[in-house]
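Source file: work_14.cif. Holds: mmCIF, C-alpha atoms.
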```
data_structure
#
loop_
_atom_site.group_PDB
_atom_site.id
_atom_site.type_symbol
_atom_site.label_atom_id
_atom_site.label_comp_id
_atom_site.auth_asym_id
_atom_site.auth_seq_id
_atom_site.Cartn_x
_atom_site.Cartn_y
_atom_site.Cartn_z
ATOM 1 C CA MET A 23 66.884 149.346 240.415
ATOM 2 C CA SER A 24 67.876 148.644 236.814
ATOM 3 C CA ASP A 25 70.773 146.372 236.001
ATOM 4 C CA HIS A 26 71.527 148.271 232.754
ATOM 5 C CA ALA A 27 74.714 150.298 233.008
ATOM 6 C CA ALA A 28 73.227 152.824 230.573
ATOM 7 C CA ASP A 29 70.413 153.506 233.032
ATOM 8 C CA ARG A 30 73.036 154.454 235.613
ATOM 9 C CA GLY A 31 74.718 156.884 233.201
ATOM 10 C CA GLY A 32 77.434 154.445 232.160
ATOM 11 C CA PRO A 33 78.081 152.764 228.834
ATOM 12 C CA PRO A 34 75.512 150.273 227.587
ATOM 13 C CA ARG A 35 75.978 146.761 228.897
ATOM 14 C CA ASP A 36 76.472 145.476 225.358
ATOM 15 C CA ALA A 37 78.585 147.916 223.358
ATOM 16 C CA TRP A 38 77.933 145.896 220.172
ATOM 17 C CA HIS A 39 74.286 147.012 220.137
ATOM 18 C CA ALA A 40 75.357 150.645 220.404
ATOM 19 C CA LEU A 41 77.717 150.087 217.470
ATOM 20 C CA ALA A 42 74.958 148.403 215.459
ATOM 21 C CA ALA A 43 72.894 151.587 215.708
ATOM 22 C CA LEU A 44 75.711 153.533 214.005
ATOM 23 C CA THR A 45 76.493 151.305 211.022
ATOM 24 C CA PRO A 46 74.791 149.213 208.351
ATOM 25 C CA ALA A 47 77.482 146.571 208.940
ATOM 26 C CA ARG A 48 76.323 143.227 210.270
ATOM 27 C CA VAL A 49 77.200 143.483 213.948
ATOM 28 C CA ALA A 50 75.275 142.457 217.077
ATOM 29 C CA LEU A 51 73.252 139.847 215.209
ATOM 30 C CA GLY A 52 72.744 137.774 218.311
ATOM 31 C CA ARG A 53 73.174 134.039 218.738
ATOM 32 C CA THR A 54 71.264 130.945 219.489
ATOM 33 C CA GLY A 55 73.794 128.603 221.000
ATOM 34 C CA SER A 56 76.708 128.732 218.597
ATOM 35 C CA ALA A 57 74.599 129.821 215.610
ATOM 36 C CA LEU A 58 72.856 132.951 214.382
ATOM 37 C CA PRO A 59 69.168 133.342 215.186
ATOM 38 C CA THR A 60 67.006 132.064 212.314
ATOM 39 C CA ALA A 61 65.782 135.521 211.270
ATOM 40 C CA ARG A 62 69.341 136.894 211.070
ATOM 41 C CA HIS A 63 70.535 133.813 209.189
ATOM 42 C CA LEU A 64 67.750 134.204 206.610
ATOM 43 C CA GLU A 65 68.507 137.941 206.248
ATOM 44 C CA LEU A 66 72.154 137.085 205.585
ATOM 45 C CA GLN A 67 71.210 134.465 202.991
ATOM 46 C CA LEU A 68 68.904 136.937 201.235
ATOM 47 C CA ALA A 69 71.601 139.630 201.153
ATOM 48 C CA HIS A 70 74.109 137.109 199.777
ATOM 49 C CA ALA A 71 71.670 135.989 197.077
ATOM 50 C CA ARG A 72 71.033 139.614 196.066
ATOM 51 C CA ALA A 73 74.776 140.287 195.886
ATOM 52 C CA ARG A 74 75.335 137.229 193.693
ATOM 53 C CA GLU A 75 72.470 138.283 191.424
ATOM 54 C CA ALA A 76 73.935 141.787 191.110
ATOM 55 C CA VAL A 77 77.366 140.425 190.168
ATOM 56 C CA TRP A 78 75.905 138.136 187.501
ATOM 57 C CA HIS A 79 73.490 140.763 186.112
ATOM 58 C CA PRO A 80 74.480 141.630 182.522
ATOM 59 C CA MET A 81 74.680 145.311 181.684
ATOM 60 C CA ASP A 82 72.156 146.487 179.107
ATOM 61 C CA ALA A 83 74.811 148.291 177.061
ATOM 62 C CA ALA A 84 72.390 149.083 174.231
ATOM 63 C CA ALA A 85 69.971 150.846 176.589
ATOM 64 C CA ILE A 86 72.772 152.824 178.243
ATOM 65 C CA ALA A 87 74.161 153.817 174.832
ATOM 66 C CA ASP A 88 70.671 154.901 173.739
ATOM 67 C CA ALA A 89 70.305 157.020 176.891
ATOM 68 C CA PHE A 90 73.592 158.780 176.138
ATOM 69 C CA ARG A 91 72.643 159.350 172.508
ATOM 70 C CA ALA A 92 69.274 160.771 173.582
ATOM 71 C CA ASP A 93 71.226 163.237 175.731
ATOM 72 C CA GLY A 94 73.259 164.326 172.691
ATOM 73 C CA HIS A 95 76.438 162.291 173.217
ATOM 74 C CA ASP A 96 78.268 160.200 170.685
ATOM 75 C CA VAL A 97 78.906 156.681 171.983
ATOM 76 C CA VAL A 98 81.593 154.114 171.311
ATOM 77 C CA ARG A 99 80.847 150.596 172.558
ATOM 78 C CA VAL A 100 83.742 148.297 173.372
ATOM 79 C CA HIS A 101 84.156 144.923 175.024
ATOM 80 C CA SER A 102 86.883 143.519 177.209
ATOM 81 C CA ALA A 103 88.858 140.428 176.296
ATOM 82 C CA ALA A 104 86.555 138.405 178.575
ATOM 83 C CA ARG A 105 84.167 136.573 176.268
ATOM 84 C CA ASP A 106 81.340 136.292 178.790
ATOM 85 C CA ARG A 107 80.406 137.005 182.405
ATOM 86 C CA ARG A 108 81.861 133.751 183.707
ATOM 87 C CA GLU A 109 85.250 134.450 182.157
ATOM 88 C CA PHE A 110 85.060 138.043 183.403
ATOM 89 C CA LEU A 111 84.567 136.798 186.989
ATOM 90 C CA GLU A 112 87.095 133.977 186.793
ATOM 91 C CA ARG A 113 89.797 135.919 184.908
ATOM 92 C CA PRO A 114 90.052 139.511 186.190
ATOM 93 C CA ASP A 115 93.040 140.085 183.901
ATOM 94 C CA ARG A 116 90.807 139.554 180.821
ATOM 95 C CA GLY A 117 88.404 142.224 182.081
ATOM 96 C CA ARG A 118 91.278 144.738 182.139
ATOM 97 C CA GLN A 119 92.167 144.162 178.474
ATOM 98 C CA LEU A 120 90.259 145.257 175.402
ATOM 99 C CA ALA A 121 88.949 142.728 172.920
ATOM 100 C CA ASP A 122 90.849 142.416 169.655
ATOM 101 C CA GLY A 123 90.033 145.348 167.405
ATOM 102 C CA ASP A 124 88.502 147.576 170.087
ATOM 103 C CA ALA A 125 91.798 149.336 170.835
ATOM 104 C CA ALA A 126 91.998 150.299 167.150
ATOM 105 C CA ARG A 127 88.374 151.516 167.227
ATOM 106 C CA LEU A 128 89.170 153.720 170.223
ATOM 107 C CA ALA A 129 92.297 155.050 168.538
ATOM 108 C CA ARG A 130 90.108 156.443 165.749
ATOM 109 C CA HIS A 131 88.427 158.621 168.386
ATOM 110 C CA ALA A 132 91.691 159.696 170.042
ATOM 111 C CA ASP A 133 91.499 163.327 169.070
ATOM 112 C CA ALA A 134 92.495 166.042 171.501
ATOM 113 C CA TRP A 135 89.864 165.542 174.194
ATOM 114 C CA ASP A 136 89.867 167.210 177.594
ATOM 115 C CA LEU A 137 87.496 164.740 179.213
ATOM 116 C CA ALA A 138 86.374 161.187 178.554
ATOM 117 C CA PHE A 139 83.690 159.168 180.320
ATOM 118 C CA VAL A 140 84.112 155.402 180.423
ATOM 119 C CA VAL A 141 81.107 153.491 181.688
ATOM 120 C CA GLY A 142 81.887 149.876 182.497
ATOM 121 C CA ASP A 143 79.760 147.234 184.125
ATOM 122 C CA GLY A 144 82.410 145.945 186.511
ATOM 123 C CA LEU A 145 80.869 144.059 189.398
ATOM 124 C CA ALA A 146 77.837 146.345 189.567
ATOM 125 C CA ALA A 147 76.130 146.588 186.189
ATOM 126 C CA LEU A 148 72.894 147.722 187.842
ATOM 127 C CA ALA A 149 74.696 150.734 189.299
ATOM 128 C CA ALA A 150 76.018 151.694 185.861
ATOM 129 C CA GLU A 151 72.566 151.307 184.315
ATOM 130 C CA ARG A 152 70.832 153.313 187.015
ATOM 131 C CA HIS A 153 73.316 156.119 187.552
ATOM 132 C CA ALA A 154 75.813 156.609 184.705
ATOM 133 C CA PRO A 155 73.582 158.524 182.262
ATOM 134 C CA ALA A 156 72.369 160.917 184.972
ATOM 135 C CA LEU A 157 75.898 161.419 186.308
ATOM 136 C CA VAL A 158 77.343 162.220 182.882
ATOM 137 C CA HIS A 159 74.422 164.566 182.203
ATOM 138 C CA ALA A 160 74.961 166.373 185.516
ATOM 139 C CA VAL A 161 78.702 166.783 184.935
ATOM 140 C CA CYS A 162 78.216 168.076 181.383
ATOM 141 C CA THR A 163 75.474 170.454 182.555
ATOM 142 C CA ARG A 164 77.802 171.811 185.207
ATOM 143 C CA LEU A 165 80.626 172.211 182.702
ATOM 144 C CA ALA A 166 78.289 174.125 180.401
ATOM 145 C CA ALA A 167 77.140 176.351 183.273
ATOM 146 C CA ASP A 168 80.744 177.077 184.197
ATOM 147 C CA ALA A 169 81.434 178.029 180.570
ATOM 148 C CA GLY A 170 78.577 180.531 180.706
ATOM 149 C CA VAL A 171 77.015 179.245 177.499
ATOM 150 C CA PRO A 172 73.897 177.053 177.833
ATOM 151 C CA GLY A 173 74.485 173.664 176.238
ATOM 152 C CA ALA A 174 78.124 174.411 175.468
ATOM 153 C CA SER A 175 81.308 173.727 177.342
ATOM 154 C CA ALA A 176 84.859 174.951 177.254
ATOM 155 C CA TRP A 177 85.782 171.292 177.731
ATOM 156 C CA ARG A 178 86.078 169.017 174.731
ATOM 157 C CA VAL A 179 84.225 165.871 175.767
ATOM 158 C CA ALA A 180 85.055 162.635 173.982
ATOM 159 C CA PRO A 181 82.340 160.214 172.900
ATOM 160 C CA VAL A 182 81.102 158.231 175.881
ATOM 161 C CA ILE A 183 82.756 154.821 175.986
ATOM 162 C CA VAL A 184 80.440 152.016 177.090
ATOM 163 C CA ALA A 185 82.598 149.032 178.006
ATOM 164 C CA GLU A 186 81.134 145.577 178.570
ATOM 165 C CA GLN A 187 82.726 142.999 180.889
ATOM 166 C CA ALA A 188 85.118 145.742 181.946
ATOM 167 C CA ARG A 189 87.107 146.247 185.111
#
```

Could you render the structure from this file as structure tokens?
Amino acid sequence: MSDHAADRGGPPRDAWHALAALTPARVALGRTGSALPTARHLELQLAHARAREAVWHPMDAAAIADAFRADGHDVVRVHSAARDRREFLERPDRGRQLADGDAARLARHADAWDLAFVVGDGLAALAAERHAPALVHAVCTRLAADAGVPGASAWRVAPVIVAEQAR
């Protein structure tokens, strides 16, 4: 006779393991005494190192701007008031402000637009690099399809704004 409650038709003996099967969250990692098992501890350290690397990764704003231009978009590059990545991480308020002069540069492009895309690095520059150009392309393609004219749109789309050290 099994001592597992699940074998008797009841809930699993350890509900945490059932939960772990339903989520990528770190639950039911196990323990060795009062600590995590070595394998789980090393997995956690690796995930933390990858997260830190992603946060510190600088956005390749020139490459993103080139990708937008290749897709037929005008691009305006701006920078936040944070001088570098360290200041951006230590002073969130600076990442929410434009650098001197960039507000005036944006004002020159402040015509009557229906839609504007702002691509900022935030805390995930890799995500912006990998996905922003394709996302903007897909949205503009859909807008053109909805307008019924290939390559055209009833929407007036502003130049894509690529913002560095931006929140």

| field | Test item: the PyMOL selection byres ((chain A and resi 81-89) around 6) resolved as a count of residues only | value | 6

| request: Would you mind listing what lies within 9 Å of Leu145 of chain A as a list of chain:residue names, with all atoms listed in the file counted and same-chain residues fewer than 4 positions away left out? | output: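 Within the cut-off, the hits are A:Ala76, A:Val77, A:Trp78, A:His79, A:Leu111, A:Gln187, A:Ala188, A:Arg189.
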
Export, as a PDB file, keeping the file's coordinate frame, the selected residues with C-alpha atoms.
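again.pdb, freshly written:
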```pdb
ATOM      1  CA  ALA A  76      73.935 141.787 191.110  1.00  0.00           C
ATOM      2  CA  VAL A  77      77.366 140.425 190.168  1.00  0.00           C
ATOM      3  CA  TRP A  78      75.905 138.136 187.501  1.00  0.00           C
ATOM      4  CA  HIS A  79      73.490 140.763 186.112  1.00  0.00           C
ATOM      5  CA  LEU A 111      84.567 136.798 186.989  1.00  0.00           C
ATOM      6  CA  GLN A 187      82.726 142.999 180.889  1.00  0.00           C
ATOM      7  CA  ALA A 188      85.118 145.742 181.946  1.00  0.00           C
ATOM      8  CA  ARG A 189      87.107 146.247 185.111  1.00  0.00           C
TER       9      ARG A 189
END
```

| said: Assuming the chain letters and numbering stay as they are in my file, what does the PyMOL selection byres ((chain A and resi 116-132) around 8) actually select? List them as a PyMOL selection string. | reply: chain A and resi 98+100-104+109-110+113-115+133-135+180-181+187-189

| field | Proximity to Trp38 of chain A - best of A:Ala154, A:Ala50, A:Val179, A:Val161, all atoms listed in the file | value |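 Closest to Trp38 of chain A of all the choices is A:Ala50.
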
| field | One-decimal distance in Å that lies between atom CA of Arg99 of chain A and atom CA of Val184 of chain A | value |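 Pair atom CA of Val184 of chain A / atom CA of Arg99 of chain A returns 4.8 Å.
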
Coordinate excerpt as a PDB file, in the first residue's frame: segment 111-142 of chain A, N, CA, C and O atoms:
```pdb
ATOM      1  N   LEU A 111      20.596  53.693 -12.833  1.00  0.00           N
ATOM      2  CA  LEU A 111      20.139  52.714 -11.837  1.00  0.00           C
ATOM      3  C   LEU A 111      20.035  53.316 -10.434  1.00  0.00           C
ATOM      4  O   LEU A 111      19.144  52.960  -9.676  1.00  0.00           O
ATOM      5  N   GLU A 112      20.929  54.221 -10.117  1.00  0.00           N
ATOM      6  CA  GLU A 112      20.928  54.817  -8.781  1.00  0.00           C
ATOM      7  C   GLU A 112      19.955  55.973  -8.639  1.00  0.00           C
ATOM      8  O   GLU A 112      19.514  56.282  -7.532  1.00  0.00           O
ATOM      9  N   ARG A 113      19.612  56.635  -9.734  1.00  0.00           N
ATOM     10  CA  ARG A 113      18.728  57.805  -9.704  1.00  0.00           C
ATOM     11  C   ARG A 113      17.579  57.634 -10.690  1.00  0.00           C
ATOM     12  O   ARG A 113      17.614  58.181 -11.804  1.00  0.00           O
ATOM     13  N   PRO A 114      16.557  56.867 -10.330  1.00  0.00           N
ATOM     14  CA  PRO A 114      15.425  56.652 -11.244  1.00  0.00           C
ATOM     15  C   PRO A 114      14.806  57.953 -11.743  1.00  0.00           C
ATOM     16  O   PRO A 114      14.332  58.013 -12.876  1.00  0.00           O
ATOM     17  N   ASP A 115      14.823  58.997 -10.917  1.00  0.00           N
ATOM     18  CA  ASP A 115      14.240  60.269 -11.339  1.00  0.00           C
ATOM     19  C   ASP A 115      14.961  60.835 -12.565  1.00  0.00           C
ATOM     20  O   ASP A 115      14.339  61.445 -13.433  1.00  0.00           O
ATOM     21  N   ARG A 116      16.279  60.630 -12.673  1.00  0.00           N
ATOM     22  CA  ARG A 116      17.038  61.141 -13.822  1.00  0.00           C
ATOM     23  C   ARG A 116      16.672  60.386 -15.102  1.00  0.00           C
ATOM     24  O   ARG A 116      16.720  60.944 -16.184  1.00  0.00           O
ATOM     25  N   GLY A 117      16.290  59.125 -14.972  1.00  0.00           N
ATOM     26  CA  GLY A 117      15.885  58.344 -16.132  1.00  0.00           C
ATOM     27  C   GLY A 117      14.508  58.721 -16.652  1.00  0.00           C
ATOM     28  O   GLY A 117      14.130  58.332 -17.756  1.00  0.00           O
ATOM     29  N   ARG A 118      13.756  59.485 -15.866  1.00  0.00           N
ATOM     30  CA  ARG A 118      12.419  59.941 -16.282  1.00  0.00           C
ATOM     31  C   ARG A 118      12.442  61.360 -16.844  1.00  0.00           C
ATOM     32  O   ARG A 118      11.401  61.900 -17.191  1.00  0.00           O
ATOM     33  N   GLN A 119      13.625  61.955 -16.918  1.00  0.00           N
ATOM     34  CA  GLN A 119      13.766  63.315 -17.449  1.00  0.00           C
ATOM     35  C   GLN A 119      14.637  63.274 -18.697  1.00  0.00           C
ATOM     36  O   GLN A 119      15.568  62.477 -18.780  1.00  0.00           O
ATOM     37  N   LEU A 120      14.338  64.147 -19.640  1.00  0.00           N
ATOM     38  CA  LEU A 120      15.174  64.230 -20.834  1.00  0.00           C
ATOM     39  C   LEU A 120      16.434  65.034 -20.555  1.00  0.00           C
ATOM     40  O   LEU A 120      16.436  65.953 -19.726  1.00  0.00           O
ATOM     41  N   ALA A 121      17.484  64.698 -21.271  1.00  0.00           N
ATOM     42  CA  ALA A 121      18.724  65.470 -21.195  1.00  0.00           C
ATOM     43  C   ALA A 121      18.469  66.874 -21.747  1.00  0.00           C
ATOM     44  O   ALA A 121      17.555  67.087 -22.544  1.00  0.00           O
ATOM     45  N   ASP A 122      19.290  67.810 -21.298  1.00  0.00           N
ATOM     46  CA  ASP A 122      19.168  69.187 -21.798  1.00  0.00           C
ATOM     47  C   ASP A 122      19.218  69.191 -23.319  1.00  0.00           C
ATOM     48  O   ASP A 122      20.064  68.546 -23.926  1.00  0.00           O
ATOM     49  N   GLY A 123      18.313  69.901 -23.928  1.00  0.00           N
ATOM     50  CA  GLY A 123      18.297  70.023 -25.384  1.00  0.00           C
ATOM     51  C   GLY A 123      17.430  68.990 -26.090  1.00  0.00           C
ATOM     52  O   GLY A 123      16.961  69.241 -27.196  1.00  0.00           O
ATOM     53  N   ASP A 124      17.237  67.817 -25.495  1.00  0.00           N
ATOM     54  CA  ASP A 124      16.450  66.788 -26.177  1.00  0.00           C
ATOM     55  C   ASP A 124      14.960  67.117 -26.213  1.00  0.00           C
ATOM     56  O   ASP A 124      14.273  66.760 -27.172  1.00  0.00           O
ATOM     57  N   ALA A 125      14.463  67.816 -25.213  1.00  0.00           N
ATOM     58  CA  ALA A 125      13.049  68.227 -25.235  1.00  0.00           C
ATOM     59  C   ALA A 125      12.809  69.168 -26.415  1.00  0.00           C
ATOM     60  O   ALA A 125      11.806  69.049 -27.125  1.00  0.00           O
ATOM     61  N   ALA A 126      13.761  70.075 -26.657  1.00  0.00           N
ATOM     62  CA  ALA A 126      13.636  71.004 -27.783  1.00  0.00           C
ATOM     63  C   ALA A 126      13.713  70.253 -29.110  1.00  0.00           C
ATOM     64  O   ALA A 126      12.984  70.562 -30.057  1.00  0.00           O
ATOM     65  N   ARG A 127      14.595  69.232 -29.178  1.00  0.00           N
ATOM     66  CA  ARG A 127      14.686  68.430 -30.409  1.00  0.00           C
ATOM     67  C   ARG A 127      13.377  67.709 -30.670  1.00  0.00           C
ATOM     68  O   ARG A 127      12.932  67.628 -31.819  1.00  0.00           O
ATOM     69  N   LEU A 128      12.744  67.190 -29.629  1.00  0.00           N
ATOM     70  CA  LEU A 128      11.461  66.500 -29.817  1.00  0.00           C
ATOM     71  C   LEU A 128      10.363  67.478 -30.220  1.00  0.00           C
ATOM     72  O   LEU A 128       9.486  67.137 -31.008  1.00  0.00           O
ATOM     73  N   ALA A 129      10.430  68.681 -29.688  1.00  0.00           N
ATOM     74  CA  ALA A 129       9.406  69.682 -30.009  1.00  0.00           C
ATOM     75  C   ALA A 129       9.408  70.009 -31.500  1.00  0.00           C
ATOM     76  O   ALA A 129       8.357  70.300 -32.073  1.00  0.00           O
ATOM     77  N   ARG A 130      10.566  69.918 -32.136  1.00  0.00           N
ATOM     78  CA  ARG A 130      10.638  70.171 -33.580  1.00  0.00           C
ATOM     79  C   ARG A 130       9.874  69.116 -34.376  1.00  0.00           C
ATOM     80  O   ARG A 130       9.521  69.337 -35.524  1.00  0.00           O
ATOM     81  N   HIS A 131       9.645  67.967 -33.772  1.00  0.00           N
ATOM     82  CA  HIS A 131       8.928  66.876 -34.442  1.00  0.00           C
ATOM     83  C   HIS A 131       7.495  66.764 -33.936  1.00  0.00           C
ATOM     84  O   HIS A 131       6.817  65.779 -34.208  1.00  0.00           O
ATOM     85  N   ALA A 132       7.025  67.761 -33.216  1.00  0.00           N
ATOM     86  CA  ALA A 132       5.706  67.689 -32.567  1.00  0.00           C
ATOM     87  C   ALA A 132       4.599  68.162 -33.494  1.00  0.00           C
ATOM     88  O   ALA A 132       3.787  68.989 -33.130  1.00  0.00           O
ATOM     89  N   ASP A 133       4.580  67.608 -34.692  1.00  0.00           N
ATOM     90  CA  ASP A 133       3.483  67.914 -35.595  1.00  0.00           C
ATOM     91  C   ASP A 133       2.247  67.168 -35.114  1.00  0.00           C
ATOM     92  O   ASP A 133       2.230  66.573 -34.049  1.00  0.00           O
ATOM     93  N   ALA A 134       1.239  67.149 -35.912  1.00  0.00           N
ATOM     94  CA  ALA A 134      -0.015  66.485 -35.547  1.00  0.00           C
ATOM     95  C   ALA A 134       0.085  64.992 -35.860  1.00  0.00           C
ATOM     96  O   ALA A 134      -0.279  64.536 -36.936  1.00  0.00           O
ATOM     97  N   TRP A 135       0.615  64.231 -34.917  1.00  0.00           N
ATOM     98  CA  TRP A 135       0.766  62.794 -35.097  1.00  0.00           C
ATOM     99  C   TRP A 135      -0.384  62.078 -34.401  1.00  0.00           C
ATOM    100  O   TRP A 135      -0.882  62.523 -33.380  1.00  0.00           O
ATOM    101  N   ASP A 136      -0.770  60.949 -34.971  1.00  0.00           N
ATOM    102  CA  ASP A 136      -1.780  60.096 -34.337  1.00  0.00           C
ATOM    103  C   ASP A 136      -1.136  59.056 -33.432  1.00  0.00           C
ATOM    104  O   ASP A 136      -1.759  58.575 -32.489  1.00  0.00           O
ATOM    105  N   LEU A 137       0.090  58.684 -33.741  1.00  0.00           N
ATOM    106  CA  LEU A 137       0.734  57.578 -33.040  1.00  0.00           C
ATOM    107  C   LEU A 137       2.232  57.829 -32.963  1.00  0.00           C
ATOM    108  O   LEU A 137       2.848  58.248 -33.955  1.00  0.00           O
ATOM    109  N   ALA A 138       2.794  57.579 -31.800  1.00  0.00           N
ATOM    110  CA  ALA A 138       4.244  57.692 -31.630  1.00  0.00           C
ATOM    111  C   ALA A 138       4.749  56.451 -30.912  1.00  0.00           C
ATOM    112  O   ALA A 138       4.131  55.977 -29.957  1.00  0.00           O
ATOM    113  N   PHE A 139       5.866  55.933 -31.368  1.00  0.00           N
ATOM    114  CA  PHE A 139       6.538  54.812 -30.711  1.00  0.00           C
ATOM    115  C   PHE A 139       7.761  55.358 -29.997  1.00  0.00           C
ATOM    116  O   PHE A 139       8.578  56.054 -30.603  1.00  0.00           O
ATOM    117  N   VAL A 140       7.887  55.036 -28.723  1.00  0.00           N
ATOM    118  CA  VAL A 140       9.068  55.398 -27.951  1.00  0.00           C
ATOM    119  C   VAL A 140       9.698  54.097 -27.493  1.00  0.00           C
ATOM    120  O   VAL A 140       9.073  53.305 -26.781  1.00  0.00           O
ATOM    121  N   VAL A 141      10.924  53.873 -27.912  1.00  0.00           N
ATOM    122  CA  VAL A 141      11.650  52.669 -27.542  1.00  0.00           C
ATOM    123  C   VAL A 141      12.740  53.079 -26.571  1.00  0.00           C
ATOM    124  O   VAL A 141      13.654  53.821 -26.935  1.00  0.00           O
ATOM    125  N   GLY A 142      12.608  52.633 -25.332  1.00  0.00           N
ATOM    126  CA  GLY A 142      13.602  52.951 -24.311  1.00  0.00           C
ATOM    127  C   GLY A 142      14.222  51.680 -23.775  1.00  0.00           C
ATOM    128  O   GLY A 142      13.608  50.610 -23.822  1.00  0.00           O
TER     129      GLY A 142
END
```
